[in-house]
Structures are given as structure tokens and as C-alpha cells.
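Peer 1: Please find start.csv (CSV, C-alpha atoms and all ligand atoms) on the next line:
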```
chain,number,residue,atom,x,y,z
A,1,MET,CA,0.0,0.0,0.0
A,2,ASN,CA,1.5,3.2,-1.1
A,3,TYR,CA,0.3,5.4,1.8
A,4,ARG,CA,1.4,6.2,5.3
A,5,MET,CA,0.7,8.5,8.2
A,6,ILE,CA,3.3,11.2,9.0
A,7,ASP,CA,3.5,12.7,12.5
A,8,PHE,CA,4.5,16.4,12.1
A,9,PRO,CA,6.8,18.1,14.6
A,10,VAL,CA,4.7,20.4,16.8
A,11,HIS,CA,6.2,23.6,18.2
A,12,GLY,CA,4.1,24.2,21.3
A,13,ASP,CA,4.3,26.6,24.2
A,14,ASN,CA,1.8,28.4,26.4
A,15,ARG,CA,0.5,30.5,23.4
A,16,GLY,CA,-0.6,27.4,21.5
A,17,LYS,CA,0.8,25.1,18.9
A,18,LEU,CA,2.4,25.5,15.5
A,19,VAL,CA,3.3,23.1,12.7
A,20,ALA,CA,5.7,24.1,9.9
A,21,LEU,CA,6.0,21.9,6.8
A,22,GLU,CA,8.8,22.2,4.3
A,23,GLY,CA,8.7,20.5,1.0
A,24,GLY,CA,11.5,17.9,0.7
A,25,VAL,CA,12.1,18.0,4.4
A,26,ASP,CA,8.9,17.3,6.3
A,27,LEU,CA,7.2,16.0,3.2
A,28,PRO,CA,8.8,13.5,0.7
A,29,PHE,CA,8.3,15.9,-2.2
A,30,GLU,CA,8.5,19.6,-3.1
A,31,ILE,CA,5.1,21.3,-2.9
A,32,LYS,CA,3.7,22.6,-6.2
A,33,ARG,CA,0.1,23.1,-5.1
A,34,MET,CA,-2.1,23.5,-2.1
A,35,TYR,CA,-5.8,23.2,-2.0
A,36,TYR,CA,-8.4,22.7,0.6
A,37,MET,CA,-11.9,21.5,1.2
A,38,PHE,CA,-14.4,23.2,3.5
A,39,ASP,CA,-18.2,23.3,4.0
A,40,THR,CA,-18.1,19.5,3.7
A,41,LEU,CA,-21.2,17.4,4.5
A,42,PRO,CA,-21.4,14.1,6.3
A,43,ASN,CA,-23.5,12.4,3.6
A,44,GLU,CA,-21.4,13.6,0.7
A,45,SER,CA,-18.4,11.4,-0.3
A,46,ARG,CA,-15.6,12.7,-2.5
A,47,GLY,CA,-12.5,11.4,-4.2
A,48,PHE,CA,-13.1,8.1,-6.1
A,49,HIS,CA,-10.0,8.5,-8.2
A,50,ALA,CA,-6.3,7.6,-8.5
A,51,HIS,CA,-3.2,9.2,-9.9
A,52,THR,CA,-0.3,7.7,-11.8
A,53,LYS,CA,2.3,10.3,-10.7
A,54,LEU,CA,0.9,12.7,-8.1
A,55,GLU,CA,2.0,12.5,-4.5
A,56,GLN,CA,-0.1,14.2,-1.8
A,57,VAL,CA,-0.2,14.9,1.9
A,58,ILE,CA,-3.6,15.5,3.4
A,59,ILE,CA,-4.3,17.1,6.8
A,60,ALA,CA,-7.6,17.4,8.7
A,61,MET,CA,-7.0,20.9,9.9
A,62,ASP,CA,-10.4,20.9,11.6
A,63,GLY,CA,-12.9,18.0,12.0
A,64,ALA,CA,-12.6,14.5,10.7
A,65,CYS,CA,-13.1,12.3,7.7
A,66,ARG,CA,-12.6,8.7,6.8
A,67,PHE,CA,-10.3,7.8,3.9
A,68,VAL,CA,-10.6,4.5,2.0
A,69,LEU,CA,-7.3,3.5,0.3
A,70,ASP,CA,-7.2,0.8,-2.3
A,71,ASP,CA,-4.1,-0.6,-4.2
A,72,GLY,CA,-6.2,-2.9,-6.4
A,73,GLU,CA,-5.7,-5.8,-4.0
A,74,LYS,CA,-6.5,-4.5,-0.6
A,75,ARG,CA,-8.8,-1.8,0.8
A,76,GLU,CA,-7.9,0.0,4.1
A,77,THR,CA,-9.6,2.7,6.1
A,78,VAL,CA,-7.9,5.6,7.8
A,79,LEU,CA,-9.5,8.2,10.1
A,80,LEU,CA,-8.0,11.6,9.6
A,81,ASN,CA,-8.8,13.8,12.6
A,82,ARG,CA,-5.7,15.6,13.8
A,83,PRO,CA,-4.0,18.8,12.5
A,84,ASP,CA,-0.5,17.4,13.5
A,85,VAL,CA,-0.8,14.2,11.4
A,86,GLY,CA,-0.7,14.0,7.6
A,87,LEU,CA,-1.8,11.2,5.3
A,88,TYR,CA,0.7,10.6,2.6
A,89,ILE,CA,-0.7,9.0,-0.6
A,90,GLY,CA,1.7,8.1,-3.4
A,91,PRO,CA,0.9,7.1,-7.0
A,92,GLY,CA,-1.2,4.1,-7.8
A,93,MET,CA,-3.7,4.4,-5.0
A,94,TRP,CA,-7.5,4.6,-5.4
A,95,ARG,CA,-8.8,7.0,-2.7
A,96,GLU,CA,-12.3,7.8,-1.4
A,97,MET,CA,-13.3,10.2,1.3
A,98,HIS,CA,-16.4,9.4,3.4
A,99,ASP,CA,-18.1,10.5,6.7
A,100,PHE,CA,-16.9,14.1,6.8
A,101,SER,CA,-17.8,15.8,10.0
A,102,TYR,CA,-19.8,19.0,9.4
A,103,GLY,CA,-17.5,21.8,8.3
A,104,CYS,CA,-14.4,19.5,8.2
A,105,LYS,CA,-11.4,21.4,6.8
A,106,LEU,CA,-9.0,19.3,4.8
A,107,VAL,CA,-5.8,20.8,3.5
A,108,VAL,CA,-3.9,19.0,0.7
A,109,LEU,CA,-0.3,19.6,-0.3
A,110,ALA,CA,0.5,18.2,-3.7
A,111,SER,CA,3.7,17.4,-5.7
A,112,GLU,CA,2.2,18.6,-9.1
A,113,HIS,CA,0.1,21.3,-10.6
A,114,TYR,CA,-3.5,20.4,-11.3
A,115,ASP,CA,-3.9,18.2,-14.4
A,116,GLU,CA,-7.3,16.6,-15.0
A,117,LYS,CA,-5.6,14.3,-17.6
A,118,GLU,CA,-3.6,12.7,-14.8
A,119,TYR,CA,-6.8,11.6,-13.0
A,120,ILE,CA,-8.2,8.1,-13.2
A,121,ARG,CA,-11.8,8.4,-12.2
A,122,ASN,CA,-13.0,4.9,-13.2
A,123,TYR,CA,-12.1,2.0,-10.9
A,124,ASP,CA,-11.8,-0.5,-13.8
A,125,GLU,CA,-9.5,1.9,-15.6
A,126,PHE,CA,-7.4,2.2,-12.4
A,127,LEU,CA,-7.0,-1.6,-12.2
A,128,LYS,CA,-5.9,-1.6,-15.8
A,129,ALA,CA,-3.5,1.2,-15.3
A,130,ILE,CA,-1.7,-0.6,-12.4
A,131,GLY,CA,-1.8,-4.0,-14.2
A,132,LYS,CA,-4.2,-5.6,-11.7
A,133,ASP,CA,-7.2,-6.1,-14.0
A,134,GLY,CA,-6.5,-9.8,-14.3
A,135,ARG,CA,-5.6,-9.5,-18.0
A,136,SER,CA,-2.1,-8.1,-17.6
A,137,GLU,CA,1.0,-10.3,-17.6
A,201,LIG,P1,-12.7,16.9,-7.6
A,201,LIG,O1,-11.5,16.3,-8.2
A,201,LIG,O2,-14.0,16.5,-8.1
A,201,LIG,O3,-12.7,16.8,-6.0
A,201,LIG,P2,-12.6,15.5,-5.1
A,201,LIG,O4,-11.4,14.7,-5.6
A,201,LIG,O5,-12.4,16.0,-3.7
A,201,LIG,O6,-13.8,14.7,-5.3
A,201,LIG,O7,-12.5,18.5,-7.8
A,201,LIG,C1,-13.6,19.4,-7.7
A,201,LIG,C2,-13.5,20.5,-8.7
A,201,LIG,O8,-12.3,21.3,-8.4
A,201,LIG,C3,-13.3,20.0,-10.1
A,201,LIG,O9,-14.1,20.8,-11.0
A,201,LIG,C4,-11.8,20.2,-10.4
A,201,LIG,C5,-11.5,21.4,-9.5
A,201,LIG,N1,-10.1,21.3,-9.1
A,201,LIG,C6,-9.2,22.3,-9.5
A,201,LIG,O10,-9.5,23.1,-10.4
A,201,LIG,N2,-7.9,22.3,-9.1
A,201,LIG,C7,-7.4,21.4,-8.2
A,201,LIG,O11,-6.3,21.4,-7.8
A,201,LIG,C8,-8.4,20.4,-7.7
A,201,LIG,C9,-7.9,19.4,-6.7
A,201,LIG,C10,-9.7,20.4,-8.1
```
Could I get this file's structure written as C-alpha cells?

Peer 2:
Amino acid sequence: MNYRMIDFPVHGDNRGKLVALEGGVDLPFEIKRMYYMFDTLPNESRGFHAHTKLEQVIIAMDGACRFVLDDGEKRETVLLNRPDVGLYIGPGMWREMHDFSYGCKLVVLASEHYDEKEYIRNYDEFLKAIGKDGRSE
């Protein structure tokens, strides 16, 4: 499975806490893009796609959501609910986001600029792309 949780270093004192993330240092890639989701709804799932090249780190800045991660053989679930933990997802992973808490805020740091052509939004296409559709050598 090409994903893992990353614990971020927290700089905390009596004023509160701070996390600083540097591309290539705290994250395994240089950051080319940041985007975020807000005004999310518990009954609305998102994602349902994979990438062949893109790497991302996702942080639940506020609230929680459940990620389903699938490498074409196994499906695993990860709860994202802390601002000091990131979910790294590498290439070749199908991801779905479910069970958002009301107003959950998800920040995503990405290794590439947005390119819709790099999205695989069909699960069968995903299996084909990673050679796990049962027809590949
Ligand atoms: P979408 O891929 O459907 O979101 P999710 O993966 O969370 O289900 O993206 C929603 C819209 O936002 C879609 O029209 C594409 C656009 N978008 C950008 O323009 N740039 C980006 O970096 C991203 C991630 C999405």
C-alpha cells in the first residue's frame, strides 16, 4: 500500500501550537500546489479517483473524515482527525473520502500542478493502469 501517516513536529508553548512543513524536508516531495476543502457534508463522499504520478499529503485541519485507500488488491480505512498528522498518498492508490464531519477542513499539499488528464476516475481503468485487472501479464 503506497500510503502512510506522517507525524508532524509540533512547536508548542503556552501560546498554543504551530506546525511548519517544508517540501522535501517534512514531506517527501516539493510542494507545487495546495488546495483545501471546507463546507463539507457528512452524507457527501468525495474522491473516487487515483493518480499515476501525483503525491499528496492530506491534513484534517479541523474536524474529521474517513479515507478509503485501495491498491487494487486491498482496501484499508484511515481516520483523519488531527492537525498534526498527515496522510501521505503516493501514486497508484485509489482513494475515497467518506463520513466528513460538518465543516471539516481538509488541506492537501501536492507534488504537481492540477492536471485533469492525470486523474483516473473509473475503478476498472485504475485496475488496468496498475496492471491488476487480471488481464495483464
Ligand atoms: P474533484 O476532483 O471532483 O474533487 P474530489 O477529488 O475531492 O472529489 O474536484 C472538484 C473540482 O475542483 C473539479 O471541478 C476540479 C477542480 N479542481 C481544480 O480546479 N484544481 C485542483 O487542484 C483540484 C484538486 C480540483

Peer 1: Quick one: distance from atom CA of A:Arg15 to atom CA of A:Phe100 in Å, one decimal?

Peer 2: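 According to the coordinates, atom CA of A:Arg15 and atom CA of A:Phe100 are separated by 29.1 Å.
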
Peer 1: Enter the distance from atom CA of A:Val10 to atom C7 of ligand LIG 201 (chain A), in Å, rounded to one decimal.

Peer 2: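 Here the two named atoms are 27.8 Å from each other.
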
Peer 1: Quick one, how far is atom CA of A:His113 from atom CA of A:Tyr35?

Peer 2: 10.6 Å

Peer 1: Can you list, as a list of chain:residue names, every protein, DNA or RNA residue that comes within 10 Å of stretch 38-40 of chain A when you count all atoms listed in the file, leaving out same-chain residues fewer than 2 positions away?

Peer 2: A:Tyr36, A:Pro42, A:Asn43, A:Glu44, A:Ser45, A:Arg46, A:Asp62, A:Gly63, A:Cys65, A:Asp99, A:Phe100, A:Ser101, A:Tyr102, A:Gly103, A:Cys104, A:Lys105, A:Leu106, A:Val107

Peer 1: I need the residue nearest A:Lys128 from this list: A:Met34, A:Gly72, A:Met61, A:Gly12. Use all atoms listed in the file for the distance.

Peer 2: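 Under the stated criterion, the closest residue is A:Gly72.
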
Peer 1: For ligand LIG 201 (chain A), list the contacting residues at 9 Å or closer, counting only C-alpha atoms and all ligand atoms, as a PyMOL selection string.

Peer 2: chain A and resi 33-37+45-49+95-97+108+110+113-116+119+121

Peer 1: Which is closest to A:Asp70 among A:His11, A:Leu21, A:Tyr123, A:Asp84, if we use only C-alpha atoms?

Peer 2: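 Using only C-alpha atoms, A:Asp70 sits closest to A:Tyr123.
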
Peer 1: Nearest to A:Gly131: which of A:Val85, A:Pro9, A:Glu76, A:Gly92 is it, counting all atoms listed in the file?

Peer 2: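 Comparing A:Val85, A:Pro9, A:Glu76, A:Gly92 against A:Gly131, the winner is A:Gly92.
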
Peer 1: Dump as a VMD selection string all residues having an atom at most 10 Å from (-2.2, 8.3, -9.5), computed in the file's coordinates with only C-alpha atoms.

Peer 2: chain A and resid 49 to 56 89 to 95 118 to 121 126 129 to 130

Peer 1: So, with all atoms listed in the file as the atoms that count, which of A:Leu18, A:Ala64, A:Tyr88, A:Met1 lies closest to A:Ser111?

Peer 2: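 Among the listed residues, the smallest separation from A:Ser111 belongs to A:Tyr88.
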
Peer 1: When distances are computed from only C-alpha atoms, which of A:Val25, A:Leu41, A:Leu127, A:Leu109 shows the smallest separation from A:Leu87?

Peer 2: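 Between A:Val25, A:Leu41, A:Leu127, A:Leu109, the residue approaching A:Leu87 most closely is A:Leu109.
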
Peer 1: A:Ile31, A:Val68, A:Val57, A:Ala20: which is nearest A:Met5, counting all atoms listed in the file?

Peer 2: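 Result for the nearest residue to A:Met5: A:Val57.
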